[in-house]
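Content type PDB, C-alpha atoms, pLDDT in the B column, from the file target-v2.pdb:
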MODEL        1
ATOM      1  CA  MET A   1     114.032 103.406 103.738  1.00 91.00           C
ATOM      2  CA  LEU A   2     110.637 102.082 104.779  1.00 94.00           C
ATOM      3  CA  THR A   3     109.465 102.702 108.348  1.00 96.00           C
ATOM      4  CA  VAL A   4     107.014 100.327 110.002  1.00 97.00           C
ATOM      5  CA  LEU A   5     105.110 102.106 112.732  1.00 98.00           C
ATOM      6  CA  CYS A   6     102.719 101.006 115.491  1.00 98.00           C
ATOM      7  CA  VAL A   7     101.073 102.619 118.525  1.00 98.00           C
ATOM      8  CA  LEU A   8     101.015 101.427 122.139  1.00 98.00           C
ATOM      9  CA  ARG A   9      98.897 103.321 124.662  1.00 97.00           C
ATOM     10  CA  SER A  10      99.428 101.921 128.167  1.00 96.00           C
ATOM     11  CA  GLY A  11      96.582 100.888 130.428  1.00 93.00           C
ATOM     12  CA  GLY A  12      94.780  98.542 128.072  1.00 92.00           C
ATOM     13  CA  ILE A  13      95.193  94.915 127.027  1.00 94.00           C
ATOM     14  CA  TYR A  14      98.288  95.647 124.943  1.00 96.00           C
ATOM     15  CA  ASP A  15     101.807  95.850 126.298  1.00 97.00           C
ATOM     16  CA  ALA A  16     105.401  95.819 125.052  1.00 98.00           C
ATOM     17  CA  GLU A  17     105.207  92.088 124.251  1.00 98.00           C
ATOM     18  CA  TRP A  18     102.639  92.816 121.528  1.00 98.00           C
ATOM     19  CA  VAL A  19     105.080  95.337 120.065  1.00 98.00           C
ATOM     20  CA  ARG A  20     107.837  92.718 120.089  1.00 98.00           C
ATOM     21  CA  LYS A  21     105.717  90.121 118.321  1.00 98.00           C
ATOM     22  CA  LEU A  22     104.695  92.566 115.618  1.00 98.00           C
ATOM     23  CA  ARG A  23     108.299  93.725 115.237  1.00 98.00           C
ATOM     24  CA  ASP A  24     109.537  90.159 114.823  1.00 98.00           C
ATOM     25  CA  GLY A  25     106.761  89.321 112.365  1.00 98.00           C
ATOM     26  CA  CYS A  26     107.697  92.315 110.243  1.00 97.00           C
ATOM     27  CA  GLU A  27     111.349  91.292 110.351  1.00 97.00           C
ATOM     28  CA  ARG A  28     110.405  87.884 108.964  1.00 97.00           C
ATOM     29  CA  GLN A  29     107.992  89.026 106.265  1.00 96.00           C
ATOM     30  CA  ILE A  30     109.121  92.459 105.045  1.00 95.00           C
ATOM     31  CA  LYS A  31     112.130  91.801 102.856  1.00 91.00           C
ATOM     32  CA  ARG A  32     112.869  95.442 102.166  1.00 91.00           C
ATOM     33  CA  LYS A  33     115.258  97.224 104.454  1.00 93.00           C
ATOM     34  CA  HIS A  34     113.154  98.912 107.106  1.00 95.00           C
ATOM     35  CA  ARG A  35     113.151 100.288 110.619  1.00 97.00           C
ATOM     36  CA  PHE A  36     110.492  99.528 113.227  1.00 98.00           C
ATOM     37  CA  ARG A  37     109.207 102.318 115.477  1.00 98.00           C
ATOM     38  CA  CYS A  38     106.449 102.683 118.059  1.00 98.00           C
ATOM     39  CA  LEU A  39     104.543 105.767 119.181  1.00 98.00           C
ATOM     40  CA  SER A  40     104.053 105.106 122.893  1.00 98.00           C
ATOM     41  CA  ASP A  41     103.841 106.470 126.423  1.00 98.00           C
ATOM     42  CA  VAL A  42     105.917 103.581 127.851  1.00 98.00           C
ATOM     43  CA  ASP A  43     109.186 101.839 127.054  1.00 98.00           C
ATOM     44  CA  VAL A  44     109.049  99.500 124.059  1.00 98.00           C
ATOM     45  CA  PRO A  45     111.490  96.981 122.492  1.00 98.00           C
ATOM     46  CA  CYS A  46     112.246  99.212 119.500  1.00 98.00           C
ATOM     47  CA  GLU A  47     112.824 102.845 118.664  1.00 98.00           C
ATOM     48  CA  ARG A  48     110.201 104.862 120.535  1.00 98.00           C
ATOM     49  CA  ILE A  49     108.415 108.055 119.532  1.00 98.00           C
ATOM     50  CA  VAL A  50     107.184 109.687 122.724  1.00 98.00           C
ATOM     51  CA  MET A  51     103.470 110.489 122.872  1.00 98.00           C
ATOM     52  CA  GLN A  52     102.623 114.099 123.644  1.00 97.00           C
ATOM     53  CA  HIS A  53      98.923 113.663 124.434  1.00 97.00           C
ATOM     54  CA  ASP A  54      96.831 111.542 126.779  1.00 96.00           C
ATOM     55  CA  TRP A  55      94.214 110.702 124.178  1.00 97.00           C
ATOM     56  CA  PRO A  56      92.707 107.351 125.184  1.00 94.00           C
ATOM     57  CA  SER A  57      92.789 103.990 123.454  1.00 91.00           C
ATOM     58  CA  TRP A  58      92.702 104.066 119.630  1.00 92.00           C
ATOM     59  CA  TRP A  59      92.454 107.861 119.643  1.00 96.00           C
ATOM     60  CA  SER A  60      96.206 107.916 120.221  1.00 97.00           C
ATOM     61  CA  LYS A  61      96.562 106.978 116.540  1.00 97.00           C
ATOM     62  CA  ILE A  62      95.569 110.512 115.563  1.00 98.00           C
ATOM     63  CA  GLU A  63      98.951 111.566 116.932  1.00 98.00           C
ATOM     64  CA  LEU A  64     100.557 109.713 114.021  1.00 98.00           C
ATOM     65  CA  LEU A  65      99.611 112.749 111.963  1.00 97.00           C
ATOM     66  CA  ARG A  66     101.517 115.107 114.240  1.00 97.00           C
ATOM     67  CA  PRO A  67     104.373 116.830 112.387  1.00 96.00           C
ATOM     68  CA  ARG A  68     107.692 114.927 112.457  1.00 94.00           C
ATOM     69  CA  VAL A  69     106.148 111.573 113.422  1.00 97.00           C
ATOM     70  CA  ILE A  70     105.836 110.285 109.851  1.00 96.00           C
ATOM     71  CA  GLU A  71     109.285 110.599 108.263  1.00 91.00           C
ATOM     72  CA  GLY A  72     109.455 109.170 104.768  1.00 93.00           C
ATOM     73  CA  GLU A  73     107.683 106.095 103.446  1.00 94.00           C
ATOM     74  CA  THR A  74     105.756 104.494 106.313  1.00 96.00           C
ATOM     75  CA  LEU A  75     103.540 101.461 106.835  1.00 96.00           C
ATOM     76  CA  TYR A  76     101.343 101.647 109.936  1.00 97.00           C
ATOM     77  CA  LEU A  77     100.026  98.449 111.585  1.00 98.00           C
ATOM     78  CA  ASP A  78      97.753  97.899 114.586  1.00 98.00           C
ATOM     79  CA  LEU A  79      99.196  95.724 117.334  1.00 98.00           C
ATOM     80  CA  ASP A  80      96.579  93.003 116.778  1.00 97.00           C
ATOM     81  CA  THR A  81      98.025  92.334 113.331  1.00 98.00           C
ATOM     82  CA  VAL A  82      99.783  89.090 112.407  1.00 98.00           C
ATOM     83  CA  MET A  83     102.286  88.976 109.549  1.00 98.00           C
ATOM     84  CA  VAL A  84     101.844  85.617 107.819  1.00 98.00           C
ATOM     85  CA  GLY A  85     103.378  86.070 104.354  1.00 96.00           C
ATOM     86  CA  GLU A  86     105.854  88.186 102.451  1.00 94.00           C
ATOM     87  CA  VAL A  87     104.715  91.792 102.234  1.00 93.00           C
ATOM     88  CA  GLU A  88     105.234  93.554  98.911  1.00 86.00           C
ATOM     89  CA  ILE A  89     104.358  97.245  98.912  1.00 76.00           C
ATOM     90  CA  LEU A  90     104.044  99.183  95.676  1.00 69.00           C
ATOM     91  CA  ARG A  91     106.361 102.025  96.555  1.00 71.00           C
ATOM     92  CA  ASN A  92     105.203 105.638  96.543  1.00 67.00           C
ATOM     93  CA  SER A  93     102.180 104.853  94.364  1.00 79.00           C
ATOM     94  CA  VAL A  94      99.915 106.936  96.603  1.00 89.00           C
ATOM     95  CA  ASP A  95     100.523 109.604  99.245  1.00 92.00           C
ATOM     96  CA  PHE A  96      98.154 108.157 101.851  1.00 94.00           C
ATOM     97  CA  ALA A  97      95.975 105.054 101.959  1.00 95.00           C
ATOM     98  CA  MET A  98      93.775 103.344 104.545  1.00 95.00           C
ATOM     99  CA  LEU A  99      92.403  99.859 104.911  1.00 95.00           C
ATOM    100  CA  GLN A 100      89.116  99.101 103.222  1.00 93.00           C
ATOM    101  CA  SER A 101      86.623  98.350 105.991  1.00 90.00           C
ATOM    102  CA  PHE A 102      85.939  94.629 106.155  1.00 90.00           C
ATOM    103  CA  TRP A 103      82.343  95.018 107.312  1.00 86.00           C
ATOM    104  CA  THR A 104      81.458  98.179 105.369  1.00 85.00           C
ATOM    105  CA  PRO A 105      83.528  98.162 102.150  1.00 86.00           C
ATOM    106  CA  ASP A 106      82.539 101.702 101.196  1.00 87.00           C
ATOM    107  CA  MET A 107      84.279 102.982 104.333  1.00 87.00           C
ATOM    108  CA  VAL A 108      87.785 102.763 105.746  1.00 92.00           C
ATOM    109  CA  GLY A 109      89.607 101.199 108.662  1.00 93.00           C
ATOM    110  CA  SER A 110      92.754 102.432 110.374  1.00 95.00           C
ATOM    111  CA  GLY A 111      94.308  99.045 111.200  1.00 96.00           C
ATOM    112  CA  VAL A 112      96.667  99.265 108.210  1.00 97.00           C
ATOM    113  CA  MET A 113      97.699 102.586 106.689  1.00 96.00           C
ATOM    114  CA  TYR A 114     100.358 103.734 104.245  1.00 95.00           C
ATOM    115  CA  PHE A 115     102.138 107.085 103.944  1.00 95.00           C
ATOM    116  CA  SER A 116     104.568 107.939 101.154  1.00 93.00           C
ATOM    117  CA  GLY A 117     106.036 110.609 103.411  1.00 91.00           C
ATOM    118  CA  ASP A 118     104.795 113.373 101.126  1.00 89.00           C
ATOM    119  CA  ASN A 119     101.654 115.362 101.857  1.00 90.00           C
ATOM    120  CA  VAL A 120     100.968 113.806 105.264  1.00 95.00           C
ATOM    121  CA  PRO A 121      97.568 115.231 106.341  1.00 95.00           C
ATOM    122  CA  HIS A 122      98.866 117.157 109.372  1.00 96.00           C
ATOM    123  CA  HIS A 123      95.784 119.390 109.232  1.00 96.00           C
ATOM    124  CA  VAL A 124      93.725 116.446 110.497  1.00 96.00           C
ATOM    125  CA  TYR A 125      95.871 116.287 113.639  1.00 97.00           C
ATOM    126  CA  ASP A 126      95.569 120.072 114.059  1.00 97.00           C
ATOM    127  CA  LYS A 127      91.780 119.846 113.774  1.00 97.00           C
ATOM    128  CA  PHE A 128      91.497 117.054 116.331  1.00 97.00           C
ATOM    129  CA  ALA A 129      93.958 118.632 118.788  1.00 97.00           C
ATOM    130  CA  LYS A 130      91.811 121.769 119.048  1.00 97.00           C
ATOM    131  CA  GLN A 131      88.856 119.926 120.593  1.00 97.00           C
ATOM    132  CA  PRO A 132      89.667 116.241 121.136  1.00 96.00           C
ATOM    133  CA  LYS A 133      86.985 115.647 123.778  1.00 95.00           C
ATOM    134  CA  ALA A 134      84.242 116.831 121.443  1.00 93.00           C
ATOM    135  CA  TYR A 135      85.426 114.633 118.552  1.00 92.00           C
ATOM    136  CA  ILE A 136      85.879 111.624 120.816  1.00 92.00           C
ATOM    137  CA  GLU A 137      82.399 112.013 122.252  1.00 89.00           C
ATOM    138  CA  HIS A 138      80.837 112.421 118.823  1.00 86.00           C
ATOM    139  CA  HIS A 139      82.621 109.524 117.151  1.00 86.00           C
ATOM    140  CA  ASN A 140      82.153 107.141 120.067  1.00 81.00           C
ATOM    141  CA  ARG A 141      78.364 107.257 119.842  1.00 67.00           C
ATOM    142  CA  ASN A 142      77.229 107.167 116.222  1.00 57.00           C
ATOM    143  CA  ALA A 143      73.495 106.596 116.004  1.00 51.00           C
ATOM    144  CA  ASP A 144      73.665 103.121 114.477  1.00 56.00           C
ATOM    145  CA  GLY A 145      76.692 102.063 116.504  1.00 53.00           C
ATOM    146  CA  THR A 146      78.515 100.631 113.484  1.00 56.00           C
ATOM    147  CA  TYR A 147      81.070 103.238 112.490  1.00 67.00           C
ATOM    148  CA  VAL A 148      82.919 104.765 115.392  1.00 81.00           C
ATOM    149  CA  GLY A 149      86.404 105.640 116.559  1.00 89.00           C
ATOM    150  CA  ASP A 150      89.456 107.226 114.987  1.00 93.00           C
ATOM    151  CA  GLN A 151      88.653 105.822 111.532  1.00 91.00           C
ATOM    152  CA  ALA A 152      85.245 107.533 111.593  1.00 90.00           C
ATOM    153  CA  PHE A 153      86.932 110.833 112.445  1.00 93.00           C
ATOM    154  CA  LEU A 154      89.473 110.371 109.634  1.00 93.00           C
ATOM    155  CA  TRP A 155      86.648 109.535 107.220  1.00 90.00           C
ATOM    156  CA  ASP A 156      84.813 112.737 108.156  1.00 89.00           C
ATOM    157  CA  ALA A 157      87.987 114.829 108.012  1.00 92.00           C
ATOM    158  CA  LEU A 158      89.371 113.505 104.711  1.00 92.00           C
ATOM    159  CA  GLY A 159      86.263 112.450 102.817  1.00 85.00           C
ATOM    160  CA  PRO A 160      85.168 109.212 101.136  1.00 85.00           C
ATOM    161  CA  GLU A 161      87.792 109.279  98.375  1.00 89.00           C
ATOM    162  CA  ILE A 162      90.614 108.060 100.627  1.00 93.00           C
ATOM    163  CA  PRO A 163      92.627 105.497  98.621  1.00 94.00           C
ATOM    164  CA  ARG A 164      92.450 101.924  99.886  1.00 94.00           C
ATOM    165  CA  ILE A 165      95.707 100.226 100.781  1.00 94.00           C
ATOM    166  CA  ASN A 166      94.217  96.900  99.632  1.00 93.00           C
ATOM    167  CA  ASP A 167      94.770  98.165  96.076  1.00 91.00           C
ATOM    168  CA  TYR A 168      98.513  98.526  96.696  1.00 91.00           C
ATOM    169  CA  LEU A 169      99.330  95.801  99.217  1.00 91.00           C
ATOM    170  CA  PRO A 170      97.860  92.375  98.381  1.00 88.00           C
ATOM    171  CA  GLY A 171      96.941  89.683 100.863  1.00 95.00           C
ATOM    172  CA  ILE A 172      95.341  91.686 103.678  1.00 97.00           C
ATOM    173  CA  LYS A 173      92.781  89.450 105.385  1.00 97.00           C
ATOM    174  CA  SER A 174      90.318  89.658 108.266  1.00 97.00           C
ATOM    175  CA  TYR A 175      90.627  86.862 110.802  1.00 97.00           C
ATOM    176  CA  LYS A 176      86.867  86.809 111.396  1.00 95.00           C
ATOM    177  CA  MET A 177      85.957  86.843 107.715  1.00 93.00           C
ATOM    178  CA  HIS A 178      88.758  84.858 106.058  1.00 93.00           C
ATOM    179  CA  CYS A 179      90.974  82.955 108.509  1.00 94.00           C
ATOM    180  CA  PHE A 180      88.980  81.436 111.359  1.00 91.00           C
ATOM    181  CA  ARG A 181      88.810  78.013 109.637  1.00 92.00           C
ATOM    182  CA  ARG A 182      92.084  78.053 107.713  1.00 95.00           C
ATOM    183  CA  LEU A 183      94.726  80.507 106.591  1.00 96.00           C
ATOM    184  CA  PRO A 184      94.222  81.483 102.926  1.00 96.00           C
ATOM    185  CA  ALA A 185      97.194  80.682 100.732  1.00 96.00           C
ATOM    186  CA  ASP A 186      97.436  84.281  99.496  1.00 96.00           C
ATOM    187  CA  ALA A 187      97.364  85.889 102.964  1.00 97.00           C
ATOM    188  CA  SER A 188     100.178  88.239 103.932  1.00 97.00           C
ATOM    189  CA  ILE A 189      98.637  90.271 106.782  1.00 98.00           C
ATOM    190  CA  VAL A 190      95.869  89.098 109.114  1.00 98.00           C
ATOM    191  CA  CYS A 191      93.904  91.800 110.935  1.00 98.00           C
ATOM    192  CA  PHE A 192      92.051  90.741 114.076  1.00 96.00           C
ATOM    193  CA  HIS A 193      90.144  94.048 114.544  1.00 89.00           C
ATOM    194  CA  GLY A 194      88.394  93.226 117.821  1.00 85.00           C
ATOM    195  CA  ARG A 195      87.426  89.864 119.267  1.00 91.00           C
ATOM    196  CA  PRO A 196      88.768  87.295 119.145  1.00 95.00           C
ATOM    197  CA  ARG A 197      92.238  88.655 119.699  1.00 94.00           C
ATOM    198  CA  PRO A 198      95.467  86.867 118.766  1.00 95.00           C
ATOM    199  CA  THR A 199      95.774  85.679 122.371  1.00 94.00           C
ATOM    200  CA  GLU A 200      92.360  83.997 122.135  1.00 95.00           C
ATOM    201  CA  VAL A 201      92.892  81.657 119.179  1.00 95.00           C
ATOM    202  CA  ASP A 202      94.894  78.481 118.807  1.00 92.00           C
ATOM    203  CA  HIS A 203      96.041  77.612 115.291  1.00 95.00           C
ATOM    204  CA  ASP A 204      99.274  76.049 114.107  1.00 94.00           C
ATOM    205  CA  TRP A 205      99.865  79.018 111.810  1.00 96.00           C
ATOM    206  CA  MET A 206      99.501  81.405 114.748  1.00 95.00           C
ATOM    207  CA  LYS A 207     102.148  79.507 116.684  1.00 93.00           C
ATOM    208  CA  GLN A 208     104.466  79.998 113.717  1.00 95.00           C
ATOM    209  CA  HIS A 209     103.720  83.599 112.840  1.00 97.00           C
ATOM    210  CA  TRP A 210     102.832  85.244 116.162  1.00 96.00           C
ATOM    211  CA  ALA A 211     105.733  84.233 118.313  1.00 93.00           C
TER     212      ALA A 211
ENDMDL
END
Let me see whether you can do it: turn the structure in this file into structure tokens.
Amino acid sequence: MLTVLCVLRSGGIYDAEWVRKLRDGCERQIKRKHRFRCLSDVDVPCERIVMQHDWPSWWSKIELLRPRVIEGETLYLDLDTVMVGEVEILRNSVDFAMLQSFWTPDMVGSGVMYFSGDNVPHHVYDKFAKQPKAYIEHHNRNADGTYVGDQAFLWDALGPEIPRINDYLPGIKSYKMHCFRRLPADASIVCFHGRPRPTEVDHDWMKQHWA
């Protein structure tokens, strides 16, 4: 069975209501039988996986790669993701895939990721857990300021040949690049990745799909 997984670290702009909206959007748009889980340090309106580290902000996503968090086929989604169309995943076609970066197509983003459940790169978690402060400091201050955060660490740890989930899951769109005027007919997943956030826009399609 497919697992849909998200992460909520308390103390920021996100709370359990964001988890609920993503959960309900997945229920509407993912026709396959699935379960919805959240890796979090607070109570959430779904099955919770308890965080073991106090890594801040998006760095908590590295804990996804901790042993026994990914169990079987898993689709990971950031909380600022809006499900707008039926999601069809090509099952088990790749062990691990990340989002193609919208701004820098040669690189990857961590807003949408796929795991077949086989060969989860636990060694990346082990590497980060040994010196998280050093990796956070390094990847929060890249010289050109354009490629930072957990995705930059994953890129360095796994190399540039990471498969892109866009090749296996059609219809992934960027709000800023593709949806700010109208929702494309072929959209299935809209990624907000920064500002504006879903709470900061007012479209009829948002009222339907992010509720």
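When only C-alpha atoms are used to measure the gap to A:Glu17, the shortest distance among A:Trp210, A:Gly171, A:Phe96, A:Pro132 belongs to A:Trp210.
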Discussion item. If the PyMOL selection byres ((chain A and resi 47) around 6) were run on this exact file, what residues would it hold? Put them as a PyMOL selection string.
Written reply: chain A and resi 37+46+48
Practice prompt. Can you give me, as a list in words, the residues this file yields under the PyMOL selection byres ((chain A and resi 197-209) around 8)?
Written response: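 Against this file, the PyMOL selection byres ((chain A and resi 197-209) around 8) returns the residues Gly25, Asp80, Val82, Met83, Val84, Leu183, Phe192, His193, Gly194, Arg195, Pro196, Trp210 and Ala211 of chain A.
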Fill in: Near-A:Ala16 list (8 Å; all atoms listed in the file; drop same-chain fewer than 2 positions) as a PyMOL selection string
chain A and resi 8+14+18-20+43-45
Practice prompt. Have a look at A:Ile13, A:Met1, A:Val148, A:Val7 and name the one nearest to A:Lys33; count only C-alpha atoms.
Written response: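 The answer is A:Met1, which sits nearest to A:Lys33.
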Fill in: Surrounding residues of A:Trp58 excluding itself and chain neighbours under 4 positions, 9 Å, all atoms listed in the file, as a list in words
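In the requested form, the answer reads Val7, Arg9, Ile62, Gly149 and Asp150 of chain A.
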Worksheet item: In terms of the shortest atom-to-atom distance over only C-alpha atoms, which of A:Tyr125, A:His139, A:Trp59, A:Val108 is closest to A:Glu161?
Response: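 Checking each of A:Tyr125, A:His139, A:Trp59, A:Val108 against A:Glu161, counting only C-alpha atoms, the winner is A:Val108.
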Worksheet entry | Residue among A:Asp41, A:Pro56, A:Lys31, A:Cys26 lying closest to A:Lys133, counting only C-alpha atoms |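 Answer, going by the shortest atom-to-atom distance: A:Pro56.
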Practice prompt. Would you kindly return, as a PyMOL selection string, each protein, DNA or RNA residue with an atom no farther than 10 Å from any atom of A:Ser174, considering only C-alpha atoms and excluding same-chain residues fewer than 6 positions away?
Written response: chain A and resi 81+101-103+180+187+189-193
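The environment of A:Phe36 within 9 Å, counting all atoms listed in the file and disregarding residues fewer than 5 places along the same chain, consists of A:Leu2, A:Thr3, A:Val4, A:Leu5, A:Cys6, A:Arg23, A:Cys26, A:Glu27, A:Cys46, A:Glu47.
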